[in-house]
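A.B. asks: Dropping in target_10.cif, which is mmCIF, C-alpha atoms:
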```
data_model
#
loop_
_atom_site.label_atom_id
_atom_site.label_comp_id
_atom_site.auth_asym_id
_atom_site.auth_seq_id
_atom_site.Cartn_x
_atom_site.Cartn_y
_atom_site.Cartn_z
CA MET A 111 38.94 217.86 172.58
CA ARG A 112 38.79 216.58 176.14
CA PHE A 113 37.21 218.57 178.93
CA ARG A 114 35.76 217.86 182.38
CA THR A 115 32.09 218.53 182.86
CA SER A 116 32.98 220.57 185.96
CA ASP A 117 35.09 222.87 183.76
CA ILE A 118 32.25 223.17 181.24
CA ALA A 119 29.79 224.01 183.99
CA ALA A 120 32.15 226.65 185.40
CA LEU A 121 32.60 228.23 181.96
CA LEU A 122 28.85 228.34 181.39
CA ARG A 123 28.13 229.40 184.99
CA ALA A 124 25.75 226.50 185.14
CA ASP A 125 24.87 223.72 187.56
CA LEU A 126 26.33 220.25 187.08
CA VAL A 127 23.96 217.52 188.22
CA GLY A 128 25.47 214.07 188.46
CA PRO A 129 29.07 212.86 188.29
CA ASP A 130 31.99 214.95 187.07
CA VAL A 131 33.21 213.10 183.98
CA ASP A 132 35.51 213.56 180.99
CA VAL A 133 33.95 214.42 177.65
CA ASP A 134 35.67 214.22 174.29
CA GLY A 135 33.95 216.22 171.56
CA ALA A 136 30.32 217.19 171.09
CA SER A 137 27.25 216.33 169.03
CA ILE A 138 23.78 217.76 168.44
CA ASP A 139 22.45 214.59 166.78
CA SER A 140 21.46 211.66 169.00
CA ARG A 141 21.64 209.31 166.00
CA THR A 142 25.33 209.93 165.37
CA VAL A 143 26.64 210.92 168.80
CA GLU A 144 29.85 209.07 169.60
CA ARG A 145 30.86 207.45 172.86
CA GLY A 146 32.34 210.00 175.24
CA GLN A 147 30.91 213.10 173.56
CA ILE A 148 28.72 215.71 175.23
CA PHE A 149 25.25 215.92 173.68
CA VAL A 150 23.85 219.40 173.07
CA PRO A 151 20.07 219.34 172.47
CA ILE A 152 19.07 222.17 170.14
CA VAL A 153 15.57 223.60 170.30
CA ALA A 154 14.34 224.14 166.73
CA GLU A 155 11.61 222.47 164.67
CA ARG A 156 12.29 219.51 166.91
CA ASP A 157 13.24 219.82 170.55
CA GLY A 158 16.54 218.04 171.06
CA HIS A 159 15.72 217.51 174.71
CA ASP A 160 13.40 214.71 173.63
CA TYR A 161 16.47 212.76 172.46
CA ILE A 162 18.71 213.04 175.52
CA ASP A 163 17.96 209.47 176.60
CA ALA A 164 18.73 208.20 173.10
CA ALA A 165 22.05 210.06 173.12
CA LEU A 166 22.99 208.60 176.49
CA ASP A 167 22.04 205.12 175.30
CA ARG A 168 24.44 205.56 172.35
CA GLY A 169 27.28 206.43 174.73
CA ALA A 170 27.16 210.18 175.29
CA ALA A 171 29.13 210.92 178.45
CA ALA A 172 27.13 214.02 179.43
CA TYR A 173 24.63 216.54 178.12
CA LEU A 174 23.50 220.13 178.30
CA THR A 175 19.86 220.78 179.10
CA GLN A 176 17.41 223.60 179.69
CA ARG A 177 15.35 221.21 181.79
CA ARG A 178 15.96 219.54 185.13
CA PRO A 179 18.61 216.82 184.60
CA GLU A 180 17.13 213.43 185.42
CA ARG A 181 19.86 211.00 184.37
CA GLY A 182 23.62 210.78 184.16
CA SER A 183 25.83 213.86 184.02
CA GLY A 184 23.71 216.86 183.03
CA ILE A 185 24.60 220.56 182.90
CA ARG A 186 21.59 222.83 183.22
CA VAL A 187 21.82 226.03 181.14
CA LEU A 188 19.46 228.78 180.07
CA ASP A 189 20.02 228.32 176.32
CA THR A 190 21.71 225.26 174.81
CA GLY A 191 22.39 226.98 171.48
CA ALA A 192 24.12 229.95 173.10
CA SER A 193 26.02 227.55 175.34
CA LEU A 194 27.30 225.64 172.31
CA THR A 195 28.72 228.91 170.98
CA ARG A 196 30.50 229.55 174.27
CA LEU A 197 31.92 226.02 174.22
CA GLY A 198 33.21 226.78 170.72
CA HIS A 199 35.05 229.78 172.14
CA MET A 200 36.55 227.52 174.81
CA ALA A 201 37.70 224.99 172.24
CA ARG A 202 39.25 227.71 170.10
CA GLU A 203 41.36 228.82 173.07
CA SER A 204 42.94 225.36 173.10
CA LEU A 205 44.15 225.61 169.50
CA THR A 206 47.63 227.02 169.08
CA GLY A 207 48.27 226.44 165.39
CA PRO A 208 46.94 228.17 162.26
CA VAL A 209 43.18 228.38 161.81
CA ILE A 210 42.10 228.75 158.19
CA GLY A 211 38.67 230.22 157.45
CA VAL A 212 37.13 229.57 154.03
CA THR A 213 34.13 231.34 152.53
CA GLY A 214 32.67 232.21 149.14
CA SER A 215 29.42 231.92 147.21
CA VAL A 216 30.65 228.84 145.35
CA GLY A 217 33.54 226.44 145.82
CA LYS A 218 34.05 226.85 149.55
CA THR A 219 33.40 223.22 150.52
CA SER A 220 35.61 221.77 147.78
CA THR A 221 38.31 224.33 148.60
CA LYS A 222 38.04 223.45 152.28
CA ASP A 223 38.46 219.76 151.42
CA LEU A 224 41.55 220.47 149.31
CA ILE A 225 43.11 222.76 151.94
CA ALA A 226 42.65 220.03 154.55
CA ALA A 227 44.30 217.47 152.26
CA ALA A 228 47.19 219.82 151.49
CA CYS A 229 47.88 220.58 155.14
CA ALA A 230 47.38 216.98 156.29
CA ALA A 231 50.37 215.97 154.19
CA ALA A 232 52.54 217.88 156.67
CA CYS A 233 50.80 217.82 160.04
CA PRO A 234 47.65 216.73 161.93
CA THR A 235 44.80 218.70 160.38
CA HIS A 236 41.13 218.99 161.30
CA ALA A 237 38.29 220.42 159.18
CA ASN A 238 34.51 220.70 159.13
CA PRO A 239 32.84 217.46 158.09
CA ALA A 240 30.58 217.94 155.04
CA SER A 241 29.16 221.48 155.26
CA PHE A 242 29.19 222.06 159.03
CA ASN A 243 29.66 225.74 158.32
CA ASN A 244 27.05 227.64 160.36
CA GLU A 245 26.55 228.79 163.94
CA LEU A 246 26.08 225.17 165.06
CA GLY A 247 28.51 223.36 162.79
CA LEU A 248 31.48 225.65 163.38
CA PRO A 249 31.63 225.32 167.20
CA LEU A 250 31.04 221.57 166.82
CA THR A 251 34.02 221.42 164.46
CA LEU A 252 36.20 223.18 167.02
CA LEU A 253 35.02 220.95 169.87
CA ASN A 254 35.66 217.80 167.83
CA ALA A 255 39.23 218.74 166.91
CA PRO A 256 41.64 216.01 168.10
CA ASP A 257 44.00 217.08 170.85
CA ASP A 258 47.01 216.85 168.52
CA THR A 259 45.52 219.17 165.88
CA VAL A 260 48.04 221.58 164.37
CA VAL A 261 46.02 223.16 161.50
CA THR A 262 42.28 223.72 161.67
CA VAL A 263 40.21 224.47 158.56
CA LEU A 264 36.82 226.11 159.06
CA GLU A 265 34.33 226.52 156.24
CA MET A 266 32.08 229.52 156.88
CA GLY A 267 28.65 229.92 155.34
CA ALA A 268 26.28 232.86 155.58
CA ARG A 269 22.64 233.71 155.09
CA GLY A 270 22.95 237.44 155.58
CA LEU A 271 25.04 240.41 156.67
CA GLY A 272 27.01 239.85 159.86
CA HIS A 273 26.91 236.05 159.75
CA ILE A 274 30.57 235.61 158.76
CA ARG A 275 31.60 238.18 161.35
CA THR A 276 29.79 236.17 164.04
CA LEU A 277 31.49 232.94 162.97
CA CYS A 278 34.86 234.69 163.00
CA GLU A 279 34.28 235.78 166.59
CA VAL A 280 34.12 232.09 167.51
CA GLY A 281 36.69 230.62 165.11
CA ARG A 282 39.17 233.55 165.12
CA PRO A 283 40.86 232.60 161.84
CA THR A 284 44.48 233.55 161.27
CA ILE A 285 44.26 232.80 157.52
CA GLY A 286 41.23 233.63 155.40
CA VAL A 287 40.35 232.28 151.94
CA VAL A 288 37.62 233.84 149.76
CA THR A 289 36.71 231.89 146.60
CA ARG A 290 34.00 233.73 144.65
CA VAL A 291 31.22 236.29 145.07
CA ALA A 292 27.94 235.41 143.35
CA LEU A 293 24.24 235.81 144.08
CA ALA A 294 23.78 232.35 145.59
CA HIS A 295 21.29 233.24 148.34
CA GLY A 296 19.25 236.09 146.91
CA GLU A 297 16.36 235.55 149.31
CA GLN A 298 18.64 236.35 152.25
CA PHE A 299 21.07 238.87 150.75
CA GLY A 300 19.00 240.75 148.19
CA THR A 301 21.92 242.09 146.16
CA ILE A 302 25.35 240.89 145.11
CA ASP A 303 26.83 243.95 146.83
CA GLN A 304 25.53 242.60 150.13
CA VAL A 305 27.05 239.20 149.33
CA GLU A 306 30.40 240.91 148.74
CA GLN A 307 30.11 242.85 151.98
CA THR A 308 29.35 239.68 153.95
CA LYS A 309 32.08 237.50 152.45
CA GLY A 310 34.58 240.26 153.09
CA GLU A 311 33.84 240.08 156.81
CA LEU A 312 36.29 237.18 156.88
CA VAL A 313 39.27 239.24 155.71
CA GLU A 314 38.27 242.09 158.02
CA ALA A 315 38.51 239.69 160.98
CA LEU A 316 42.07 238.57 160.22
CA PRO A 317 44.93 239.69 162.47
CA ALA A 318 47.61 241.94 161.03
CA ASP A 319 50.10 239.06 161.13
CA GLY A 320 47.70 236.76 159.28
CA PHE A 321 47.12 236.06 155.59
CA ALA A 322 44.23 236.78 153.22
CA VAL A 323 44.11 234.36 150.28
CA LEU A 324 42.04 235.97 147.52
CA ASN A 325 40.84 234.88 144.08
CA ILE A 326 42.36 237.43 141.72
CA GLY A 327 40.04 236.25 138.94
CA ASP A 328 36.98 237.63 140.76
CA PRO A 329 37.16 241.45 140.89
CA ARG A 330 34.92 241.62 143.95
CA VAL A 331 37.15 239.20 145.83
CA ALA A 332 40.37 240.84 144.66
CA ALA A 333 39.09 244.20 145.94
CA MET A 334 38.88 242.76 149.47
CA ALA A 335 42.63 243.28 149.76
CA ALA A 336 41.78 246.85 150.82
CA ARG A 337 39.70 245.55 153.75
CA THR A 338 42.48 243.87 155.69
CA ASP A 339 45.83 244.61 157.32
CA ALA A 340 46.87 240.98 156.83
CA GLU A 341 49.35 239.96 154.15
CA VAL A 342 47.54 239.24 150.87
CA LEU A 343 48.24 236.21 148.69
CA THR A 344 46.40 235.91 145.38
CA TYR A 345 45.57 232.91 143.22
CA GLY A 346 43.88 232.35 139.89
CA VAL A 347 44.11 231.12 136.33
CA GLU A 348 47.19 232.58 134.60
CA ARG A 349 47.46 235.28 137.29
CA GLY A 350 48.28 235.70 140.94
CA ASP A 351 50.95 234.65 143.39
CA PHE A 352 49.74 231.07 142.89
CA ALA A 353 48.81 230.86 139.21
CA VAL A 354 47.32 227.92 137.32
CA THR A 355 48.88 227.58 133.85
CA GLU A 356 48.92 224.97 131.07
CA LEU A 357 45.62 223.48 132.28
CA VAL A 358 44.30 220.36 130.52
CA LEU A 359 41.56 217.84 131.41
CA ASP A 360 41.63 214.12 130.73
CA GLY A 361 38.62 212.15 129.50
CA GLU A 362 37.19 211.94 133.03
CA LEU A 363 37.70 215.65 133.84
CA ARG A 364 40.83 215.22 135.96
CA PRO A 365 42.88 218.44 135.72
CA SER A 366 46.60 218.56 135.10
CA PHE A 367 48.42 221.89 135.21
CA VAL A 368 51.50 223.80 136.22
CA LEU A 369 51.13 225.83 139.41
CA ARG A 370 53.47 228.81 139.44
CA THR A 371 54.24 229.95 142.98
CA PRO A 372 56.68 232.28 144.75
CA HIS A 373 58.67 229.09 145.46
CA GLY A 374 58.85 228.01 141.82
CA PRO A 375 56.66 226.08 139.38
CA PHE A 376 55.17 222.67 140.23
CA GLU A 377 53.35 220.12 138.11
CA VAL A 378 49.99 219.07 139.57
CA ARG A 379 47.50 216.35 138.68
CA LEU A 380 44.25 216.07 140.61
CA GLU A 381 41.69 213.35 141.20
CA ALA A 382 39.09 216.05 141.96
CA ARG A 383 37.15 216.68 138.74
CA GLY A 384 36.57 219.81 136.69
CA ALA A 385 38.68 222.73 135.50
CA HIS A 386 37.47 224.86 138.40
CA MET A 387 39.12 222.41 140.81
CA ALA A 388 42.49 223.66 139.58
CA ASP A 389 41.52 227.10 140.87
CA ASN A 390 40.50 225.55 144.19
CA ALA A 391 43.78 223.66 144.35
CA ALA A 392 45.73 226.88 143.83
CA ALA A 393 43.83 228.38 146.77
CA ALA A 394 44.64 225.29 148.82
CA VAL A 395 48.38 225.49 148.16
CA ALA A 396 48.36 229.22 148.90
CA ALA A 397 46.55 228.67 152.22
CA ALA A 398 48.79 225.76 153.14
CA SER A 399 51.88 227.86 152.37
CA ALA A 400 50.53 230.58 154.65
CA ALA A 401 50.17 227.90 157.33
CA GLY A 402 53.83 226.93 156.93
CA VAL A 403 53.46 223.91 154.62
CA ARG A 404 55.97 223.75 151.77
CA PRO A 405 54.24 223.82 148.35
CA GLU A 406 55.73 220.52 147.21
CA VAL A 407 54.36 218.84 150.35
CA ALA A 408 50.96 220.48 149.96
CA ILE A 409 50.78 219.34 146.33
CA ARG A 410 51.65 215.81 147.38
CA GLY A 411 48.62 215.93 149.67
CA LEU A 412 46.40 217.07 146.81
CA VAL A 413 47.30 214.25 144.43
CA GLY A 414 44.72 211.75 145.69
CA ALA A 415 42.38 214.20 147.37
CA THR A 416 38.68 213.95 146.64
CA THR A 417 35.82 216.30 147.43
CA SER A 418 32.68 215.73 149.50
CA THR A 419 29.93 213.50 148.13
CA GLY A 420 27.83 215.05 145.38
CA ARG A 421 30.41 217.63 144.40
CA MET A 422 31.66 217.03 140.88
CA SER A 423 32.19 213.29 141.21
CA VAL A 424 32.47 211.36 137.94
CA GLU A 425 31.56 207.70 137.52
CA ALA A 426 31.02 205.33 134.64
CA SER A 427 27.54 203.85 134.49
CA ARG A 428 27.06 200.12 134.22
CA ALA A 429 25.61 200.81 130.77
CA GLY A 430 28.90 202.35 129.63
CA GLY A 431 28.21 206.09 129.81
CA MET A 432 29.49 208.75 132.20
CA VAL A 433 27.66 210.47 135.08
CA ILE A 434 28.72 213.73 136.72
CA ASN A 435 27.14 213.94 140.17
CA ASP A 436 27.20 217.58 141.28
CA ALA A 437 23.82 217.50 142.98
CA TYR A 438 24.73 218.80 146.43
CA ASN A 439 24.09 222.45 145.68
CA ALA A 440 23.30 224.78 142.79
CA ASN A 441 23.21 228.40 141.76
CA PRO A 442 23.75 229.98 138.33
CA THR A 443 27.52 230.23 138.82
CA SER A 444 28.00 226.63 139.94
CA VAL A 445 25.66 225.33 137.23
CA ALA A 446 27.78 227.17 134.65
CA ALA A 447 30.86 225.38 136.05
CA GLY A 448 29.05 222.06 135.84
CA VAL A 449 27.98 222.71 132.26
CA ALA A 450 31.57 223.65 131.36
CA ALA A 451 32.73 220.33 132.83
CA LEU A 452 30.06 218.44 130.87
CA SER A 453 31.08 220.23 127.67
CA ALA A 454 34.68 219.18 128.25
CA MET A 455 33.83 215.48 128.46
CA GLU A 456 34.53 213.21 125.53
CA ALA A 457 30.98 212.28 124.50
CA ASP A 458 28.68 212.19 121.50
CA THR A 459 25.59 213.11 123.55
CA ARG A 460 25.57 215.46 126.52
CA ILE A 461 22.57 215.86 128.82
CA ALA A 462 22.12 218.22 131.79
CA VAL A 463 19.53 217.07 134.30
CA LEU A 464 18.86 220.11 136.46
CA GLY A 465 16.77 220.58 139.56
CA PHE A 466 15.57 223.70 141.30
CA MET A 467 18.16 226.32 142.28
CA ALA A 468 17.01 227.41 145.72
CA GLU A 469 17.19 230.76 147.53
CA LEU A 470 17.61 233.00 144.48
CA GLY A 471 14.98 235.48 145.62
CA SER A 472 12.77 237.58 143.38
CA ASP A 473 14.99 236.98 140.34
CA SER A 474 14.62 233.21 140.60
CA ASP A 475 12.50 232.67 137.47
CA ALA A 476 14.68 234.93 135.34
CA LEU A 477 17.87 233.25 136.56
CA HIS A 478 16.45 229.80 135.85
CA ARG A 479 15.48 230.84 132.31
CA GLU A 480 18.89 232.42 131.65
CA THR A 481 20.60 229.26 132.88
CA ALA A 482 18.43 227.12 130.60
CA GLU A 483 19.27 229.28 127.60
CA GLN A 484 22.99 228.98 128.34
CA VAL A 485 22.77 225.20 128.61
CA VAL A 486 20.93 224.86 125.31
CA ALA A 487 23.27 227.33 123.61
CA ALA A 488 26.15 225.04 124.58
CA GLY A 489 24.53 222.27 122.52
CA ILE A 490 23.43 220.32 125.60
CA ARG A 491 20.05 218.64 126.02
CA LEU A 492 18.31 219.98 129.11
CA VAL A 493 15.93 218.00 131.31
CA ALA A 494 14.39 219.91 134.24
CA VAL A 495 13.17 217.94 137.26
CA ALA A 496 10.26 219.58 139.10
CA ALA A 497 11.64 222.97 138.10
CA PRO A 498 9.23 224.82 135.76
CA GLY A 499 11.33 227.99 136.04
CA TYR A 500 13.71 226.69 133.39
CA GLY A 501 10.97 227.46 130.88
CA SER A 502 10.44 226.26 127.33
CA SER A 503 14.13 225.59 126.65
CA ALA A 504 13.93 222.47 128.82
CA GLU A 505 12.15 219.14 128.72
CA HIS A 506 10.19 218.86 131.94
CA VAL A 507 9.55 215.89 134.22
CA ALA A 508 7.74 215.83 137.53
CA ASP A 509 10.27 213.94 139.65
CA PRO A 510 13.58 212.03 139.58
CA ALA A 511 11.80 208.82 138.62
CA GLY A 512 10.38 210.61 135.60
CA ALA A 513 13.88 211.70 134.56
CA PHE A 514 15.16 208.15 134.83
CA GLU A 515 12.21 206.83 132.84
CA LEU A 516 12.77 209.48 130.14
CA LEU A 517 16.53 209.00 129.78
CA GLY A 518 17.43 205.60 131.16
CA PRO A 519 20.99 204.80 132.19
CA PRO A 520 23.54 206.50 129.92
CA GLY A 521 25.21 204.19 127.45
CA PRO A 522 28.50 204.49 125.55
CA GLY A 523 29.10 207.96 124.16
CA THR A 524 26.60 209.63 126.52
CA ALA A 525 27.50 211.91 129.44
CA ILE A 526 24.96 213.18 131.97
CA LEU A 527 25.34 216.02 134.47
CA VAL A 528 23.03 215.86 137.51
CA LYS A 529 22.89 219.23 139.27
CA GLY A 530 20.49 220.96 141.65
CA SER A 531 20.13 222.37 145.13
CA LEU A 532 20.03 219.81 147.91
CA VAL A 533 16.28 220.34 148.36
CA ALA A 534 15.77 219.14 144.78
CA GLY A 535 16.72 215.65 145.93
CA LEU A 536 18.68 214.62 142.85
CA GLN A 537 21.48 212.66 144.52
CA PRO A 538 19.54 209.36 144.30
CA LEU A 539 18.95 210.06 140.60
CA ALA A 540 22.70 210.38 139.98
CA ARG A 541 23.21 207.08 141.76
CA ALA A 542 20.42 205.50 139.70
CA PHE A 543 22.03 206.55 136.42
CA VAL A 544 25.22 204.79 137.53
CA ASP A 545 23.59 201.65 138.95
CA GLU A 546 20.76 201.26 136.38
CA ALA A 547 18.13 201.29 139.12
CA THR A 548 15.05 203.50 139.39
CA PRO A 549 15.64 206.16 142.08
CA VAL A 550 13.70 205.87 145.31
#
```
Starting from the file, give its structure as structure tokens.
C.D. replies:
Amino acid sequence: MRFRTSDIAALLRADLVGPDVDVDGASIDSRTVERGQIFVPIVAERDGHDYIDAALDRGAAAYLTQRRPERGSGIRVLDTGASLTRLGHMARESLTGPVIGVTGSVGKTSTKDLIAAACAAACPTHANPASFNNELGLPLTLLNAPDDTVVTVLEMGARGLGHIRTLCEVGRPTIGVVTRVALAHGEQFGTIDQVEQTKGELVEALPADGFAVLNIGDPRVAAMAARTDAEVLTYGVERGDFAVTELVLDGELRPSFVLRTPHGPFEVRLEARGAHMADNAAAAVAAASAAGVRPEVAIRGLVGATTSTGRMSVEASRAGGMVINDAYNANPTSVAAGVAALSAMEADTRIAVLGFMAELGSDSDALHRETAEQVVAAGIRLVAVAAPGYGSSAEHVADPAGAFELLGPPGPGTAILVKGSLVAGLQPLARAFVDEATPV
């Protein structure tokens, strides 16, 4: 979105030092800032002010600062983080089309990706890159929306009560999608009831003329219908307004199914892998329909859609086996989905290489052990990477290199699932299994 620095300064009640220039979008990372953007230095573990010169050298048109501006077009503010939030509000005012908020303990990024693909088949659509779903990423997403944007898709993450409500105050969604409720961040939430309360803040924020798109297969999500005055659309397997039926997977986990909708049944085949992606696709078509996109057009957009890197991608290794890379995030619910996908693969040998599941709180050890027992009960060999919590059911290695040394690249008839929280650092291991190269 294009703005003048004088308008930004007026909004923030701040002083503009230097020329009044146009800016187009925003960035908080001097390494990836694009020409013409405004750079917003965030004060955290590192002080972003130390990188203002680097941002300007890469082409930033202007910058916010809590210091005295010394170069170019600088806007001096009291708090750059709070100012970014206010700029997000300003950007939201410029959007006139549907804004779709997406949250849930699992599946929200993949669902966001599929919603964006479904809507983009009909009109200019903008969505969070990767997982830009917090108090920094969401206003950046709004500010970086192209001027011709019709539909905006905003993934919303949370670390505690009130976080979704705060994001909704900035993004003001007109359509809300809730995927699942699970104890994915036990350290922050404490109980699954608190998770449910927080995720439901999205539907509470919807206007009466909006739409709540709810997973009827999750009782906690389905119950959120009572927390909104918006029209409710449901989706799920065999049930709901948008129901997945006749689901089958091919040898590389691509789902084919019939989606039954209020507009009639439609045959769907996805490139996104795993049975759970059919559920996500149903949510995407429901959300797109609420945004005014005809189901047949939305489904056309889904045909070649893929999900973000590290989320249920399937590749053949050079050695002839198959590798499922789902190493971007992990909790017991998403690991169970990954194990189900691995079990569905055509293979003689199935191996789950699991890393640490972060942020599970005081129940972490018990949840790791339960997960390990479920994996082994499914007849799958389990290798744990730097994650002793999986207990005696697993074979243990100290690091990704140890896992590669133990297993080697998978050959014909072998399928490997690589799954863990991002902090476990298993993405290079998944790549190594494919490329036959020791991870670094």
A.B. asks: Using the chain letters and numbers from this file, what does the PyMOL selection byres ((chain A and resi 286) around 9) select? Give the answer as a list of chain:residue names.
C.D. replies: A:Val209, A:Ile210, A:Gly211, A:Val212, A:Thr213, A:Pro283, A:Thr284, A:Ile285, A:Val287, A:Val288, A:Leu312, A:Val313, A:Ala315, A:Leu316, A:Gly320, A:Phe321, A:Ala322, A:Val323, A:Leu324, A:Ala397
A.B. asks: Would you mind exporting C-alpha atoms of the selected residues as an mmCIF file, in the coordinates of the input?
C.D. replies:
```cif
data_model
loop_
_atom_site.group_PDB
_atom_site.id
_atom_site.type_symbol
_atom_site.label_atom_id
_atom_site.label_comp_id
_atom_site.auth_asym_id
_atom_site.auth_seq_id
_atom_site.Cartn_x
_atom_site.Cartn_y
_atom_site.Cartn_z
ATOM 1 C CA VAL A 209 43.180 228.380 161.810
ATOM 2 C CA ILE A 210 42.100 228.750 158.190
ATOM 3 C CA GLY A 211 38.670 230.220 157.450
ATOM 4 C CA VAL A 212 37.130 229.570 154.030
ATOM 5 C CA THR A 213 34.130 231.340 152.530
ATOM 6 C CA PRO A 283 40.860 232.600 161.840
ATOM 7 C CA THR A 284 44.480 233.550 161.270
ATOM 8 C CA ILE A 285 44.260 232.800 157.520
ATOM 9 C CA VAL A 287 40.350 232.280 151.940
ATOM 10 C CA VAL A 288 37.620 233.840 149.760
ATOM 11 C CA LEU A 312 36.290 237.180 156.880
ATOM 12 C CA VAL A 313 39.270 239.240 155.710
ATOM 13 C CA ALA A 315 38.510 239.690 160.980
ATOM 14 C CA LEU A 316 42.070 238.570 160.220
ATOM 15 C CA GLY A 320 47.700 236.760 159.280
ATOM 16 C CA PHE A 321 47.120 236.060 155.590
ATOM 17 C CA ALA A 322 44.230 236.780 153.220
ATOM 18 C CA VAL A 323 44.110 234.360 150.280
ATOM 19 C CA LEU A 324 42.040 235.970 147.520
ATOM 20 C CA ALA A 397 46.550 228.670 152.220
#
```
A.B. asks: Report as a PyMOL selection string all protein, DNA and RNA residues lying within 7 Å of stretch 238-250 of chain A, evaluated on all atoms listed in the file, omitting residues in the same chain fewer than 4 positions from it.
C.D. replies: chain A and resi 136-137+194-195+198+219+254+263-267+277+418
A.B. asks: Leaving out A:Leu363 and any residue of its chain fewer than 4 positions from it, which residues lie within 10 Å of it when counting all atoms listed in the file, given as an NGL selection string?
C.D. replies: :A and (358-359 or 380-385 or 387 or 422-424 or 434 or 451-452 or 454-456)
A.B. asks: Applying the PyMOL selection byres ((chain A and resi 425-428) around 8) to the file I just gave you, which residues come out? Please list them as an MDAnalysis selection string.
C.D. replies: chainID A and resid 423:424 429:434 519:521 543:546
A.B. asks: Write out as a list of chain:residue names which residues come within 10 Å of A:Ala398 when counting all atoms listed in the file, dropping same-chain ones fewer than 4 positions away.
C.D. replies: A:Pro208, A:Ile210, A:Leu224, A:Ile225, A:Ala226, A:Ala227, A:Ala228, A:Cys229, A:Ala230, A:Ala231, A:Ala232, A:Val261, A:Ile285, A:Ala392, A:Ala393, A:Ala394, A:Gly402, A:Val403, A:Arg404, A:Pro405, A:Val407, A:Ala408, A:Ile409
A.B. asks: Mind pulling up the distance from atom CA of A:Ala542 to atom CA of A:Asn390?
C.D. replies: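 Going from atom CA of A:Asn390 over to atom CA of A:Ala542, I get 28.7 Å.
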A.B. asks: Once the PyMOL selection byres ((chain A and resi 201) around 8) is applied to the coordinates I shared, what remains selected? I want it as a PyMOL selection string.
C.D. replies: chain A and resi 111+197-200+202-205+249+252-253
A.B. asks: Output C-alpha atoms of each residue in that selection to a file, as a short mmCIF file (atom, residue, chain, number, x, y, z; two decimals), in the coordinates of the input.
C.D. replies:
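Saved the output as result_9.cif:
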```cif
data_model
loop_
_atom_site.label_atom_id
_atom_site.label_comp_id
_atom_site.auth_asym_id
_atom_site.auth_seq_id
_atom_site.Cartn_x
_atom_site.Cartn_y
_atom_site.Cartn_z
CA MET A 111 38.94 217.86 172.58
CA LEU A 197 31.92 226.02 174.22
CA GLY A 198 33.21 226.78 170.72
CA HIS A 199 35.05 229.78 172.14
CA MET A 200 36.55 227.52 174.81
CA ARG A 202 39.25 227.71 170.10
CA GLU A 203 41.36 228.82 173.07
CA SER A 204 42.94 225.36 173.10
CA LEU A 205 44.15 225.61 169.50
CA PRO A 249 31.63 225.32 167.20
CA LEU A 252 36.20 223.18 167.02
CA LEU A 253 35.02 220.95 169.87
#
```
A.B. asks: In the coordinates of the file, take the point (11.7, 228.3, 125.6) and a cut-off of 10 Å; then, counting all atoms listed in the file, name each qualifying protein, DNA or RNA residue as a list of chain:residue names.
C.D. replies: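 Final list of nearby residues, as requested, is A:Arg479, A:Ala482, A:Glu483, A:Val486, A:Tyr500, A:Gly501, A:Ser502, A:Ser503, A:Ala504, A:Glu505.
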A.B. asks: Compare A:Arg282, A:Arg410, A:Arg491, A:Arg370 by their minimum atom-to-atom distance to A:Glu348, counting all atoms listed in the file, and give me the closest one.
C.D. replies: A:Arg370
A.B. asks: Quick one: residues within 10 Å of stretch 290-293 of chain A, all atoms listed in the file, excluding same-chain residues fewer than 3 positions away - as number ranges by chain?
C.D. replies: A: 213-218, 287, 296-310, 324-332, 441-444, 469-471
A.B. asks: Output C-alpha atoms of each residue in that selection to a file, as a tab-separated table (two decimals), keeping the file's coordinate frame.
C.D. replies:
```tsv
chain	number	residue	atom	x	y	z
A	213	THR	CA	34.13	231.34	152.53
A	214	GLY	CA	32.67	232.21	149.14
A	215	SER	CA	29.42	231.92	147.21
A	216	VAL	CA	30.65	228.84	145.35
A	217	GLY	CA	33.54	226.44	145.82
A	218	LYS	CA	34.05	226.85	149.55
A	287	VAL	CA	40.35	232.28	151.94
A	296	GLY	CA	19.25	236.09	146.91
A	297	GLU	CA	16.36	235.55	149.31
A	298	GLN	CA	18.64	236.35	152.25
A	299	PHE	CA	21.07	238.87	150.75
A	300	GLY	CA	19.00	240.75	148.19
A	301	THR	CA	21.92	242.09	146.16
A	302	ILE	CA	25.35	240.89	145.11
A	303	ASP	CA	26.83	243.95	146.83
A	304	GLN	CA	25.53	242.60	150.13
A	305	VAL	CA	27.05	239.20	149.33
A	306	GLU	CA	30.40	240.91	148.74
A	307	GLN	CA	30.11	242.85	151.98
A	308	THR	CA	29.35	239.68	153.95
A	309	LYS	CA	32.08	237.50	152.45
A	310	GLY	CA	34.58	240.26	153.09
A	324	LEU	CA	42.04	235.97	147.52
A	325	ASN	CA	40.84	234.88	144.08
A	326	ILE	CA	42.36	237.43	141.72
A	327	GLY	CA	40.04	236.25	138.94
A	328	ASP	CA	36.98	237.63	140.76
A	329	PRO	CA	37.16	241.45	140.89
A	330	ARG	CA	34.92	241.62	143.95
A	331	VAL	CA	37.15	239.20	145.83
A	332	ALA	CA	40.37	240.84	144.66
A	441	ASN	CA	23.21	228.40	141.76
A	442	PRO	CA	23.75	229.98	138.33
A	443	THR	CA	27.52	230.23	138.82
A	444	SER	CA	28.00	226.63	139.94
A	469	GLU	CA	17.19	230.76	147.53
A	470	LEU	CA	17.61	233.00	144.48
A	471	GLY	CA	14.98	235.48	145.62
```
